[in-house]
file input-v9.txt (compact mmCIF, C-alpha atoms and all ligand atoms)
# COMPACT_ATOMS: atom_id res chain seq x y z
CA MET A 1 -22.10 88.51 113.78
CA GLY A 2 -24.70 85.75 113.37
CA PRO A 3 -27.23 85.49 110.57
CA SER A 4 -29.99 88.07 110.52
CA ARG A 5 -33.60 87.01 111.22
CA PHE A 6 -34.23 87.31 107.52
CA GLN A 7 -31.30 85.11 106.56
CA ALA A 8 -32.29 82.56 109.20
CA ARG A 9 -35.65 82.17 107.42
CA GLY A 10 -33.85 81.10 104.29
CA TRP A 11 -33.73 84.43 102.51
CA GLY A 12 -29.96 84.49 102.58
CA GLN A 13 -27.75 85.51 99.74
CA GLU A 14 -27.96 82.17 97.93
CA ARG A 15 -31.75 82.00 97.77
CA PHE A 16 -31.85 85.64 96.89
CA GLY A 17 -29.28 84.95 94.22
CA GLN A 18 -31.31 82.18 92.58
CA HIS A 19 -33.96 84.76 91.82
CA GLY A 20 -31.18 86.96 90.58
CA ARG A 21 -33.38 90.01 90.17
CA LEU A 22 -32.42 92.23 93.05
CA LEU A 23 -28.79 91.29 93.48
CA PRO A 24 -27.21 94.27 91.75
CA TYR A 25 -29.32 96.51 93.98
CA VAL A 26 -28.38 94.78 97.21
CA GLN A 27 -24.89 96.12 96.79
CA HIS A 28 -26.31 99.55 97.57
CA ALA A 29 -28.02 98.28 100.67
CA ASP A 30 -26.29 97.77 103.98
CA TYR A 31 -24.86 94.36 104.73
CA PRO A 32 -26.02 91.93 106.25
CA LEU A 33 -29.22 91.16 104.39
CA THR A 34 -31.90 92.43 106.69
CA LYS A 35 -35.53 92.95 105.78
CA ALA A 36 -34.87 96.71 105.69
CA ALA A 37 -31.96 96.16 103.30
CA LEU A 38 -34.16 94.11 100.99
CA ILE A 39 -36.88 96.73 101.02
CA GLN A 40 -34.26 99.38 100.26
CA ALA A 41 -32.96 97.20 97.41
CA MET A 42 -36.47 96.78 96.02
CA ARG A 43 -37.03 100.54 96.18
CA LEU A 44 -33.78 101.10 94.30
CA ARG A 45 -34.78 98.59 91.64
CA ILE A 46 -38.21 100.11 91.17
CA GLY A 47 -36.71 103.62 91.15
CA LYS A 48 -34.16 102.61 88.56
CA THR A 49 -36.78 100.95 86.35
CA VAL A 50 -39.06 103.99 86.52
CA ARG A 51 -36.17 106.33 85.68
CA ALA A 52 -35.14 104.13 82.73
CA LEU A 53 -38.73 104.05 81.46
CA LYS A 54 -39.00 107.82 81.81
CA ARG A 55 -35.73 108.37 79.96
CA PHE A 56 -36.84 105.99 77.20
CA LEU A 57 -40.24 107.64 76.75
CA LEU A 58 -39.07 111.24 77.04
CA ALA A 59 -35.64 110.74 75.43
CA ASP A 60 -34.51 113.52 77.76
CA GLY A 61 -31.03 112.32 78.76
CA VAL A 62 -27.61 112.07 77.16
CA LYS A 63 -24.09 111.37 78.28
CA LEU A 64 -21.74 114.17 77.24
CA GLU A 65 -18.17 113.76 78.40
CA ALA A 66 -16.74 116.86 80.11
CA SER A 67 -13.10 115.81 79.73
CA SER A 68 -11.31 112.80 78.28
CA ARG A 69 -8.08 113.81 80.01
CA CYS A 70 -6.93 112.15 83.20
CA GLN A 71 -3.99 112.77 85.54
CA LEU A 72 -3.76 109.25 87.03
CA LYS A 73 -2.03 106.16 85.65
CA CYS A 74 -4.49 103.44 86.67
CA VAL A 75 -2.89 100.17 85.66
CA VAL A 76 -5.13 98.77 82.89
CA CYS A 77 -7.12 101.87 81.91
CA PRO A 78 -6.92 102.69 78.16
CA THR A 79 -6.86 106.42 79.01
CA ALA A 80 -3.85 106.00 81.31
CA LYS A 81 -2.08 103.79 78.77
CA GLY A 82 -2.50 106.46 76.10
CA GLU A 83 -4.64 104.25 73.83
CA ASN A 84 -7.71 106.49 73.90
CA ARG A 85 -5.64 109.58 73.19
CA LYS A 86 -4.58 108.17 69.82
CA GLY A 87 -8.03 106.92 68.78
CA THR A 88 -11.66 108.05 68.46
CA ILE A 89 -11.85 109.47 72.00
CA GLY A 90 -8.83 111.79 71.73
CA TRP A 91 -7.64 114.10 74.49
CA GLY A 92 -9.58 117.24 75.34
CA ASP A 93 -12.32 119.10 77.17
CA LEU A 94 -15.90 120.06 76.43
CA THR A 95 -15.98 123.84 76.02
CA LEU A 96 -18.51 126.17 77.63
CA GLU A 97 -19.50 127.48 74.22
CA THR A 98 -20.31 124.02 72.79
CA PHE A 99 -22.14 123.02 75.98
CA GLU A 100 -24.31 126.15 75.84
CA ARG A 101 -25.03 125.64 72.16
CA PHE A 102 -25.90 121.98 72.73
CA VAL A 103 -28.41 122.66 75.53
CA ARG A 104 -29.88 125.61 73.61
CA ASN A 105 -30.42 123.47 70.50
CA ASN A 106 -31.74 120.46 72.43
CA ARG A 107 -34.23 121.87 74.89
CA ARG A 108 -35.78 118.48 75.61
CA ILE A 109 -32.52 117.30 77.26
CA ARG A 110 -33.04 117.53 81.03
CA HIS A 111 -30.33 115.20 82.30
CA ILE A 112 -26.67 115.05 81.29
CA GLU A 113 -24.11 112.57 82.58
CA LEU A 114 -20.65 114.16 82.33
CA SER A 115 -18.15 111.40 83.15
CA ASN A 116 -16.74 108.65 80.98
CA TRP A 117 -13.08 108.09 80.09
CA GLY A 118 -11.45 111.09 81.74
CA GLU A 119 -11.62 113.15 84.93
CA ILE A 120 -14.31 115.83 84.68
CA PHE A 121 -12.54 118.03 87.26
CA LEU A 122 -9.69 118.70 84.81
CA ASN A 123 -12.07 120.70 82.63
CA PRO A 124 -11.24 124.39 83.30
CA ALA A 125 -14.80 125.48 82.33
CA LEU A 126 -16.56 123.05 84.68
CA ASN A 127 -17.83 125.68 87.15
CA GLU A 128 -19.43 127.67 84.32
CA ILE A 129 -20.94 124.49 82.84
CA LEU A 130 -22.47 123.67 86.25
CA SER A 131 -23.85 127.18 86.52
CA VAL A 132 -25.40 127.12 83.01
CA ALA A 133 -27.01 123.72 83.64
CA HIS A 134 -28.42 124.90 86.98
CA ARG A 135 -29.89 128.03 85.40
CA ARG A 136 -31.59 125.94 82.74
CA GLY A 137 -32.86 123.30 85.20
CA ILE A 138 -30.73 120.51 83.71
CA LYS A 139 -29.68 117.75 86.11
CA LEU A 140 -25.99 116.88 85.94
CA THR A 141 -24.41 113.65 87.20
CA ALA A 142 -21.03 111.92 87.14
CA ASN A 143 -22.12 108.38 87.85
CA ASN A 144 -19.66 106.72 85.51
CA GLY A 145 -16.96 107.79 87.92
CA VAL A 146 -14.42 110.40 89.03
CA ASN A 147 -11.14 109.96 90.87
CA PHE A 148 -11.67 113.18 92.90
CA ASN A 149 -7.95 113.81 93.42
CA SER A 150 -7.73 117.31 91.94
CA VAL A 151 -10.79 119.43 92.73
CA ARG A 152 -10.60 123.16 93.38
CA ASP A 153 -12.43 124.49 96.44
CA ASP A 154 -14.67 126.71 94.32
CA THR A 155 -15.65 123.64 92.27
CA LEU A 156 -16.46 121.70 95.45
CA GLU A 157 -18.69 124.59 96.47
CA ALA A 158 -20.28 124.79 92.99
CA LEU A 159 -21.23 121.08 93.22
CA ALA A 160 -23.32 121.80 96.32
CA LYS A 161 -24.51 125.27 95.30
CA TYR A 162 -25.71 124.22 91.83
CA ARG A 163 -27.24 120.95 93.09
CA PHE A 164 -25.07 118.61 91.01
CA ARG A 165 -27.18 115.46 91.39
CA SER A 166 -24.78 112.59 91.99
CA LEU A 167 -21.12 111.67 91.97
CA THR A 168 -19.57 108.21 91.94
CA ILE A 169 -16.05 108.37 93.37
CA ALA A 170 -13.66 105.54 92.55
CA ILE A 171 -11.82 104.54 95.74
CA ASP A 172 -10.44 101.02 95.50
CA GLY A 173 -9.20 100.54 99.02
CA ALA A 174 -9.61 101.68 102.60
CA THR A 175 -5.95 102.62 103.12
CA PRO A 176 -3.44 104.74 101.15
CA GLU A 177 -1.32 101.62 100.52
CA SER A 178 -4.01 99.52 98.83
CA TYR A 179 -5.52 102.55 97.03
CA ARG A 180 -2.29 103.42 95.23
CA GLU A 181 -1.73 99.84 94.03
CA TYR A 182 -4.18 100.46 91.18
CA ARG A 183 -4.87 104.23 91.20
CA ARG A 184 -1.24 105.07 90.43
CA GLY A 185 -0.48 108.73 91.03
CA GLY A 186 -3.58 109.14 93.21
CA ASP A 187 -3.63 110.07 96.89
CA PHE A 188 -6.18 108.36 99.16
CA ASN A 189 -5.95 110.99 101.91
CA ARG A 190 -6.51 113.83 99.45
CA VAL A 191 -9.64 112.13 98.06
CA ILE A 192 -11.08 111.63 101.56
CA ALA A 193 -10.22 115.25 102.46
CA ASN A 194 -12.04 116.45 99.30
CA ILE A 195 -15.13 114.41 100.25
CA GLU A 196 -15.10 115.90 103.76
CA LYS A 197 -14.79 119.40 102.31
CA LEU A 198 -17.66 118.72 99.90
CA ASN A 199 -19.80 117.53 102.81
CA GLN A 200 -19.10 120.84 104.58
CA PHE A 201 -20.26 122.77 101.50
CA LYS A 202 -23.38 120.58 101.30
CA ARG A 203 -24.18 121.53 104.90
CA ARG A 204 -23.45 125.21 104.26
CA HIS A 205 -25.76 125.29 101.21
CA ARG A 206 -28.35 123.02 102.89
CA SER A 207 -28.15 120.68 99.93
CA ARG A 208 -28.61 116.93 99.87
CA TYR A 209 -26.86 117.01 96.50
CA PRO A 210 -24.64 115.68 95.18
CA VAL A 211 -25.58 112.20 96.37
CA LEU A 212 -22.22 110.47 96.82
CA THR A 213 -21.34 106.87 96.01
CA TRP A 214 -18.07 105.14 96.92
CA GLN A 215 -17.23 102.75 94.07
CA PHE A 216 -14.84 100.00 95.16
CA VAL A 217 -13.31 97.81 92.43
CA ILE A 218 -12.51 94.52 94.14
CA PHE A 219 -8.95 93.33 93.52
CA GLY A 220 -6.83 90.65 95.14
CA HIS A 221 -4.87 93.34 97.00
CA ASN A 222 -7.90 95.09 98.54
CA GLU A 223 -10.57 92.38 99.00
CA HIS A 224 -9.87 92.20 102.75
CA GLU A 225 -10.73 95.90 103.09
CA LEU A 226 -14.31 95.66 101.83
CA ASP A 227 -15.95 95.93 105.25
CA ARG A 228 -13.66 98.74 106.38
CA ALA A 229 -14.36 100.72 103.20
CA ARG A 230 -18.11 100.14 103.60
CA ALA A 231 -17.97 101.51 107.15
CA MET A 232 -15.90 104.54 106.01
CA ALA A 233 -18.40 105.23 103.22
CA ARG A 234 -21.23 105.18 105.73
CA SER A 235 -19.41 107.58 108.04
CA LEU A 236 -18.89 109.97 105.10
CA GLY A 237 -22.60 109.79 104.18
CA MET A 238 -21.92 107.84 100.98
CA ASN A 239 -23.57 104.86 99.31
CA PHE A 240 -21.21 101.94 98.88
CA SER A 241 -21.00 100.17 95.53
CA PRO A 242 -18.50 97.32 95.12
CA THR A 243 -17.85 96.15 91.58
CA PHE A 244 -15.49 93.82 89.75
CA ASN A 245 -12.24 94.10 87.92
CA ALA A 246 -12.88 95.21 84.30
CA GLU A 247 -13.07 92.58 81.57
CA GLY A 248 -12.05 93.04 77.96
CA TRP A 249 -8.96 95.16 78.70
CA GLY A 250 -6.41 92.35 78.46
CA PRO A 251 -5.07 90.22 81.33
CA GLN A 252 -6.66 91.01 84.68
CA PHE A 253 -4.61 93.04 87.13
CA SER A 254 -4.53 91.69 90.71
CA PRO A 255 -7.38 89.15 90.38
CA VAL A 256 -9.47 88.26 93.42
CA LYS A 257 -7.77 85.69 95.69
CA ASP A 258 -10.42 84.71 98.22
CA ARG A 259 -13.47 84.16 96.05
CA ASP A 260 -15.65 82.98 98.93
CA LEU A 261 -14.92 86.12 100.90
CA VAL A 262 -15.75 88.33 97.89
CA ARG A 263 -18.97 86.40 97.17
CA ALA A 264 -20.07 86.86 100.76
CA ARG A 265 -18.88 90.38 101.57
CA SER A 266 -19.45 92.18 98.26
CA GLY A 267 -23.22 91.73 98.48
CA ILE A 268 -23.23 90.75 94.78
CA GLY A 269 -23.20 86.98 95.26
CA ALA A 270 -20.36 86.40 92.75
CA ALA A 271 -16.62 87.02 92.57
CA SER A 272 -16.33 88.36 89.00
CA PHE A 273 -18.43 89.61 86.07
CA THR A 274 -17.99 86.21 84.39
CA GLU A 275 -19.15 84.31 87.46
CA PHE A 276 -22.18 86.60 87.84
CA ARG A 277 -23.08 86.04 84.18
CA GLU A 278 -22.74 82.26 84.40
CA LYS A 279 -24.63 82.06 87.68
CA TYR A 280 -27.56 84.35 86.86
CA ARG A 281 -27.54 84.12 83.04
CA ARG A 282 -27.51 87.88 82.60
CA GLU A 283 -25.11 90.81 82.80
CA LEU A 284 -24.33 92.78 85.94
CA VAL A 285 -23.83 95.90 83.81
CA MET A 286 -25.37 96.46 80.39
CA PRO A 287 -23.85 99.50 78.63
CA CYS A 288 -25.65 98.70 75.32
CA GLN A 289 -28.78 100.26 76.84
CA ASP A 290 -27.14 103.69 76.40
CA MET A 291 -27.96 103.40 72.70
CA TRP A 292 -31.64 103.91 73.60
CA LEU A 293 -31.72 105.47 77.05
CA SER A 294 -28.85 107.91 77.19
CA PRO A 295 -26.60 108.08 74.11
CA GLN A 296 -22.94 108.78 74.79
CA ILE A 297 -21.43 111.84 73.13
CA ASN A 298 -17.69 112.47 73.16
CA TRP A 299 -16.27 115.81 74.45
CA ASP A 300 -15.75 116.92 70.81
CA GLY A 301 -19.30 116.06 69.74
CA LYS A 302 -18.74 112.61 68.23
CA MET A 303 -21.79 110.44 68.74
CA LEU A 304 -20.44 107.23 70.29
CA GLY A 305 -23.79 105.64 71.22
CA CYS A 306 -22.56 103.97 74.41
CA CYS A 307 -19.90 104.61 77.03
CA VAL A 308 -17.79 101.56 76.02
CA ASN A 309 -17.38 102.44 72.35
CA VAL A 310 -13.86 103.62 71.42
CA TRP A 311 -13.84 102.21 67.87
CA GLY A 312 -15.84 104.65 65.78
CA ASP A 313 -18.68 107.18 65.74
CA TYR A 314 -22.14 107.81 64.32
CA GLY A 315 -21.61 111.39 63.18
CA ASN A 316 -20.99 114.56 65.17
CA VAL A 317 -23.78 116.27 67.12
CA PHE A 318 -21.93 119.61 67.21
CA GLU A 319 -21.50 119.61 63.42
CA SER A 320 -24.97 118.28 62.50
CA SER A 321 -27.50 117.69 65.31
CA LEU A 322 -28.38 115.17 68.00
CA ASP A 323 -31.56 114.10 66.20
CA GLU A 324 -29.78 113.68 62.88
CA CYS A 325 -27.17 111.41 64.45
CA LEU A 326 -29.79 109.32 66.27
CA ALA A 327 -31.91 108.94 63.13
CA GLY A 328 -28.92 108.09 60.93
CA GLU A 329 -28.89 104.79 59.02
CA LYS A 330 -25.72 103.63 60.78
CA TYR A 331 -27.13 104.27 64.26
CA ARG A 332 -30.42 102.52 63.50
CA TYR A 333 -28.59 99.60 61.96
CA ALA A 334 -26.39 99.26 65.07
CA GLN A 335 -29.51 99.15 67.28
CA LYS A 336 -31.03 96.39 65.13
CA MET A 337 -27.74 94.51 65.13
CA LEU A 338 -27.55 94.66 68.92
CA LEU A 339 -31.07 93.20 69.16
CA GLY A 340 -30.11 90.34 66.84
CA HIS A 341 -32.29 91.66 64.01
CA ALA A 342 -29.52 92.49 61.56
CA ALA A 343 -26.27 90.81 60.60
CA ALA A 344 -22.93 92.06 61.89
CA ARG A 345 -21.54 94.86 59.70
CA SER A 346 -17.88 95.79 59.75
CA ASP A 347 -18.45 99.58 59.89
CA ILE A 348 -20.45 99.30 63.14
CA PRO A 349 -18.14 99.80 66.17
CA CYS A 350 -19.95 97.12 68.20
CA VAL A 351 -18.41 94.30 66.12
CA LYS A 352 -15.15 94.94 68.00
CA CYS A 353 -16.78 94.87 71.44
CA HIS A 354 -16.85 91.87 73.78
CA PHE A 355 -20.44 92.68 74.79
CA TYR A 356 -21.61 92.22 71.21
CA GLN A 357 -19.33 89.25 70.59
CA ARG A 358 -21.09 87.28 73.34
CA HIS A 359 -24.58 88.60 72.39
CA ALA A 360 -24.92 90.23 75.81
CA LEU A 361 -27.99 92.35 75.04
CA THR A 362 -29.98 89.68 73.19
CA ARG A 363 -29.29 87.13 75.92
CA THR A 364 -30.24 89.52 78.70
CA LEU A 365 -33.45 90.57 76.91
CA ALA A 366 -34.39 86.90 76.50
CA SER A 367 -33.97 86.15 80.21
CA SER A 368 -37.50 87.06 81.43
CA TRP A 369 -40.89 87.97 80.00
CA PRO A 370 -40.79 91.69 80.93
CA LEU A 371 -37.44 91.94 79.16
CA ARG A 372 -38.82 90.09 76.12
CA ILE A 373 -41.52 92.78 75.91
CA ALA A 374 -38.83 95.45 76.35
CA ARG A 375 -36.96 93.96 73.40
CA ARG A 376 -39.99 94.45 71.13
CA VAL A 377 -40.31 98.06 72.24
CA LEU A 378 -36.59 98.72 71.63
CA LEU A 379 -36.83 97.11 68.23
CA ALA A 380 -39.83 99.26 67.28
CA LYS A 381 -37.76 102.33 68.14
CA ALA A 382 -34.83 101.09 66.02
CA VAL A 383 -36.77 100.59 62.80
S1 LIG B 1 -21.85 96.12 71.95
FE1 LIG B 1 -20.28 97.29 73.06
S2 LIG B 1 -19.92 99.10 71.80
FE2 LIG B 1 -21.88 98.20 71.14
S3 LIG B 1 -23.45 99.22 72.36
FE3 LIG B 1 -22.90 97.36 73.46
S4 LIG B 1 -21.30 97.96 74.90
FE4 LIG B 1 -21.47 99.57 73.36

call {"tool": "encode", "arguments": {"input": "input-v9.txt", "output": "structure tokens"}}
result
Amino acid sequence: MGPSRFQARGWGQERFGQHGRLLPYVQHADYPLTKAALIQAMRLRIGKTVRALKRFLLADGVKLEASSRCQLKCVVCPTAKGENRKGTIGWGDLTLETFERFVRNNRRIRHIELSNWGEIFLNPALNEILSVAHRRGIKLTANNGVNFNSVRDDTLEALAKYRFRSLTIAIDGATPESYREYRRGGDFNRVIANIEKLNQFKRRHRSRYPVLTWQFVIFGHNEHELDRARAMARSLGMNFSPTFNAEGWGPQFSPVKDRDLVRARSGIGAASFTEFREKYRRELVMPCQDMWLSPQINWDGKMLGCCVNVWGDYGNVFESSLDECLAGEKYRYAQKMLLGHAAARSDIPCVKCHFYQRHALTRTLASSWPLRIARRVLLAKAV
């Protein structure tokens, strides 16, 4: 396939990349870079900015993990290795009773993200949680990711019936062989069959929800399957979102081999998080924003602040309250520390995190004038 008309005019990936503003959104648009794809990317960016602004102003969203348990043995995952089980995160499920109490006591919360370290579909009370949220008009998502290997039929139906908003399904490969290289214990064909069944329920309930996204972590063993996976995602009615091998979890498993191919075919314009950061002087993902936009709560009520934190907590929202935890001295201090307005303090979990160690948030917020304004607003909310 030759270059598109748009690329031929010089708006190819490189030029686009120099601006570095829309790149993370292009990954959701169809490849190659056509004018329509760019418009779609711009819409996504604007939509995401508006949603973030709304969440900041209304403070109406949290992340509340439905289950920290997982049945797979993904190679470098701290849950699969048993590290999370022994630490702050632990091993358990959100109960229906605590979920009901939480939404009753926090009526301003209108959006709850349920996924983080575990597989939400292992929670035996999930159907009831979906039903309660639907009755109360609360939007549920699992955008952090699910493996979708073990989902009961009645749960698949509940996702469509109760208008579960969006699901990101981790499928790192377009064949059973490449999929199981990393998702040990998982079954590619079962995941695809579950997606097809869910699509049938969506049709039966005339629901466009949940919106489905295929997340593809690019490894050396699956990089050649990017285009095939993108085409499969499209045929299943899913968005396609390639991403990179995690950093900060020790030596990389199966690093990318053909960096040029990944740069070109991923739609991200880089071959790793590090390369993206060096090239565009900002982060591809910025979990620190959870501390303001959508604080992460563990399944047992521990306030974690963000989805990366496994080192400590800022109180317990089930034992005290959400507002008390967010207004606590430790939480406010962490926010100021992240913005570079307070010195590192050893009791703040962030000091152990690679995002803080390389000043990820302060650097990103210094990278353009709108973000410099955003920094002032975030700081005002932290004081
Ligand atoms: S520095 Fe790490 S632990 Fe702290 S908010 Fe950012 S991502 Fe979370």

call {"tool": "residues_near_point", "arguments": {"input": "input-v9.txt", "point": "(-23.0, 113.4, 61.9)", "cutoff": "10 Å", "atoms": "only C-alpha atoms", "output": "PyMOL selection string"}}
result
chain A and resi 301-303+313-326+328

call {"tool": "closest_atom_pairs", "arguments": {"input": "input-v9.txt", "of": "chain A", "to": "ligand LIG 1 (chain B)", "cutoff": "12 Å", "atoms": "all atoms listed in the file", "output": "Markdown table"}}
result
| residue | atom | partner | partner_atom | distance |
| --- | --- | --- | --- | --- |
| A:Glu247 | CA | B:LIG1 | S4 | 11.9 |
| A:Gly248 | CA | B:LIG1 | FE1 | 10.5 |
| A:Glu283 | CA | B:LIG1 | S4 | 11.3 |
| A:Val285 | CA | B:LIG1 | S4 | 9.5 |
| A:Met286 | CA | B:LIG1 | S4 | 7.0 |
| A:Pro287 | CA | B:LIG1 | S4 | 4.8 |
| A:Cys288 | CA | B:LIG1 | FE3 | 3.6 |
| A:Gln289 | CA | B:LIG1 | S3 | 7.0 |
| A:Asp290 | CA | B:LIG1 | S3 | 7.1 |
| A:Met291 | CA | B:LIG1 | S3 | 6.2 |
| A:Trp292 | CA | B:LIG1 | S3 | 9.5 |
| A:Leu293 | CA | B:LIG1 | S3 | 11.4 |
| A:Ser294 | CA | B:LIG1 | S3 | 11.3 |
| A:Pro295 | CA | B:LIG1 | S3 | 9.6 |
| A:Gln296 | CA | B:LIG1 | FE4 | 9.4 |
| A:Met303 | CA | B:LIG1 | FE4 | 11.8 |
| A:Leu304 | CA | B:LIG1 | S2 | 8.3 |
| A:Gly305 | CA | B:LIG1 | S3 | 6.5 |
| A:Cys306 | CA | B:LIG1 | FE4 | 4.7 |
| A:Cys307 | CA | B:LIG1 | FE4 | 6.4 |
| A:Val308 | CA | B:LIG1 | FE4 | 5.0 |
| A:Asn309 | CA | B:LIG1 | S2 | 4.2 |
| A:Val310 | CA | B:LIG1 | S2 | 7.6 |
| A:Trp311 | CA | B:LIG1 | S2 | 7.9 |
| A:Gly312 | CA | B:LIG1 | S2 | 9.1 |
| A:Asp313 | CA | B:LIG1 | S2 | 10.2 |
| A:Tyr314 | CA | B:LIG1 | S2 | 11.7 |
| A:Tyr331 | CA | B:LIG1 | S3 | 10.2 |
| A:Arg332 | CA | B:LIG1 | S3 | 11.7 |
| A:Tyr333 | CA | B:LIG1 | FE2 | 11.5 |
| A:Ala334 | CA | B:LIG1 | FE2 | 7.6 |
| A:Gln335 | CA | B:LIG1 | S3 | 7.9 |
| A:Lys336 | CA | B:LIG1 | S3 | 10.9 |
| A:Met337 | CA | B:LIG1 | S1 | 9.2 |
| A:Leu338 | CA | B:LIG1 | S1 | 6.6 |
| A:Leu339 | CA | B:LIG1 | S1 | 10.1 |
| A:Gly340 | CA | B:LIG1 | S1 | 11.3 |
| A:Ala344 | CA | B:LIG1 | S1 | 10.9 |
| A:Arg345 | CA | B:LIG1 | FE2 | 11.9 |
| A:Asp347 | CA | B:LIG1 | FE2 | 11.8 |
| A:Ile348 | CA | B:LIG1 | FE2 | 8.2 |
| A:Pro349 | CA | B:LIG1 | S2 | 5.9 |
| A:Cys350 | CA | B:LIG1 | FE2 | 3.7 |
| A:Val351 | CA | B:LIG1 | S1 | 7.0 |
| A:Lys352 | CA | B:LIG1 | S2 | 7.4 |
| A:Cys353 | CA | B:LIG1 | FE1 | 4.6 |
| A:His354 | CA | B:LIG1 | FE1 | 6.5 |
| A:Phe355 | CA | B:LIG1 | S1 | 4.7 |
| A:Tyr356 | CA | B:LIG1 | S1 | 4.0 |
| A:Gln357 | CA | B:LIG1 | S1 | 7.4 |
| A:Arg358 | CA | B:LIG1 | S1 | 9.0 |
| A:His359 | CA | B:LIG1 | S1 | 8.0 |
| A:Ala360 | CA | B:LIG1 | S1 | 7.7 |
| A:Leu361 | CA | B:LIG1 | FE3 | 7.3 |
| A:Thr362 | CA | B:LIG1 | S1 | 10.4 |
| A:Thr364 | CA | B:LIG1 | FE3 | 11.9 |

call {"tool": "atom_distance", "arguments": {"input": "input-v9.txt", "atom1": "atom CA of Asn222 of chain A", "atom2": "atom CA of Arg263 of chain A"}}
result
14.1 Å

call {"tool": "closest_residue", "arguments": {"input": "input-v9.txt", "among": "A:Ala366, A:Leu94, A:Ala229, A:Val76", "to": "Thr175 of chain A", "atoms": "all atoms listed in the file"}}
result
A:Ala229

call {"tool": "axis_aligned_box", "arguments": {"input": "input-v9.txt", "around": "segment 348-354 of chain A", "padding_each_side": "5 Å", "output": "lines of an AutoDock Vina configuration file"}}
result
center_x = -17.8
center_y = 95.8
center_z = 68.5
size_x = 15.3
size_y = 17.9
size_z = 20.6

call {"tool": "residues_around", "arguments": {"input": "input-v9.txt", "residues": "segment 128-132 of chain A", "least_positions_apart": "2", "cutoff": "10 Å", "atoms": "only C-alpha atoms", "output": "PDB file with C-alpha atoms, in the coordinates of the input"}}
result
ATOM      1  CA  ALA A  66     -16.740 116.860  80.110  1.00  0.00           C
ATOM      2  CA  LEU A  94     -15.900 120.060  76.430  1.00  0.00           C
ATOM      3  CA  THR A  95     -15.980 123.840  76.020  1.00  0.00           C
ATOM      4  CA  LEU A  96     -18.510 126.170  77.630  1.00  0.00           C
ATOM      5  CA  GLU A  97     -19.500 127.480  74.220  1.00  0.00           C
ATOM      6  CA  PHE A  99     -22.140 123.020  75.980  1.00  0.00           C
ATOM      7  CA  GLU A 100     -24.310 126.150  75.840  1.00  0.00           C
ATOM      8  CA  VAL A 103     -28.410 122.660  75.530  1.00  0.00           C
ATOM      9  CA  ASN A 123     -12.070 120.700  82.630  1.00  0.00           C
ATOM     10  CA  PRO A 124     -11.240 124.390  83.300  1.00  0.00           C
ATOM     11  CA  ALA A 125     -14.800 125.480  82.330  1.00  0.00           C
ATOM     12  CA  LEU A 126     -16.560 123.050  84.680  1.00  0.00           C
ATOM     13  CA  HIS A 134     -28.420 124.900  86.980  1.00  0.00           C
ATOM     14  CA  ARG A 135     -29.890 128.030  85.400  1.00  0.00           C
ATOM     15  CA  ARG A 136     -31.590 125.940  82.740  1.00  0.00           C
ATOM     16  CA  GLY A 137     -32.860 123.300  85.200  1.00  0.00           C
ATOM     17  CA  ILE A 138     -30.730 120.510  83.710  1.00  0.00           C
ATOM     18  CA  LYS A 139     -29.680 117.750  86.110  1.00  0.00           C
ATOM     19  CA  LEU A 140     -25.990 116.880  85.940  1.00  0.00           C
ATOM     20  CA  THR A 155     -15.650 123.640  92.270  1.00  0.00           C
ATOM     21  CA  ALA A 158     -20.280 124.790  92.990  1.00  0.00           C
ATOM     22  CA  LEU A 159     -21.230 121.080  93.220  1.00  0.00           C
ATOM     23  CA  LYS A 161     -24.510 125.270  95.300  1.00  0.00           C
ATOM     24  CA  TYR A 162     -25.710 124.220  91.830  1.00  0.00           C
ATOM     25  CA  ARG A 163     -27.240 120.950  93.090  1.00  0.00           C
ATOM     26  CA  PHE A 164     -25.070 118.610  91.010  1.00  0.00           C
TER      27      PHE A 164
END

call {"tool": "atom_distance", "arguments": {"input": "input-v9.txt", "atom1": "atom CA of Asn245 of chain A", "atom2": "atom CA of Arg363 of chain A"}}
result
22.0 Å

call {"tool": "residues_around", "arguments": {"input": "input-v9.txt", "residues": "Glu181 of chain A", "least_positions_apart": "6", "cutoff": "12 Å", "atoms": "all atoms listed in the file", "output": "PDB file with C-alpha atoms, in the frame of the given file"}}
result
ATOM      1  CA  LEU A  72      -3.760 109.250  87.030  1.00  0.00           C
ATOM      2  CA  LYS A  73      -2.030 106.160  85.650  1.00  0.00           C
ATOM      3  CA  CYS A  74      -4.490 103.440  86.670  1.00  0.00           C
ATOM      4  CA  VAL A  75      -2.890 100.170  85.660  1.00  0.00           C
ATOM      5  CA  VAL A  76      -5.130  98.770  82.890  1.00  0.00           C
ATOM      6  CA  ILE A 171     -11.820 104.540  95.740  1.00  0.00           C
ATOM      7  CA  ASP A 172     -10.440 101.020  95.500  1.00  0.00           C
ATOM      8  CA  GLY A 173      -9.200 100.540  99.020  1.00  0.00           C
ATOM      9  CA  ALA A 174      -9.610 101.680 102.600  1.00  0.00           C
ATOM     10  CA  THR A 175      -5.950 102.620 103.120  1.00  0.00           C
ATOM     11  CA  ASP A 187      -3.630 110.070  96.890  1.00  0.00           C
ATOM     12  CA  PHE A 188      -6.180 108.360  99.160  1.00  0.00           C
ATOM     13  CA  VAL A 217     -13.310  97.810  92.430  1.00  0.00           C
ATOM     14  CA  PHE A 219      -8.950  93.330  93.520  1.00  0.00           C
ATOM     15  CA  GLY A 220      -6.830  90.650  95.140  1.00  0.00           C
ATOM     16  CA  HIS A 221      -4.870  93.340  97.000  1.00  0.00           C
ATOM     17  CA  ASN A 222      -7.900  95.090  98.540  1.00  0.00           C
ATOM     18  CA  PHE A 253      -4.610  93.040  87.130  1.00  0.00           C
ATOM     19  CA  SER A 254      -4.530  91.690  90.710  1.00  0.00           C
TER      20      SER A 254
END
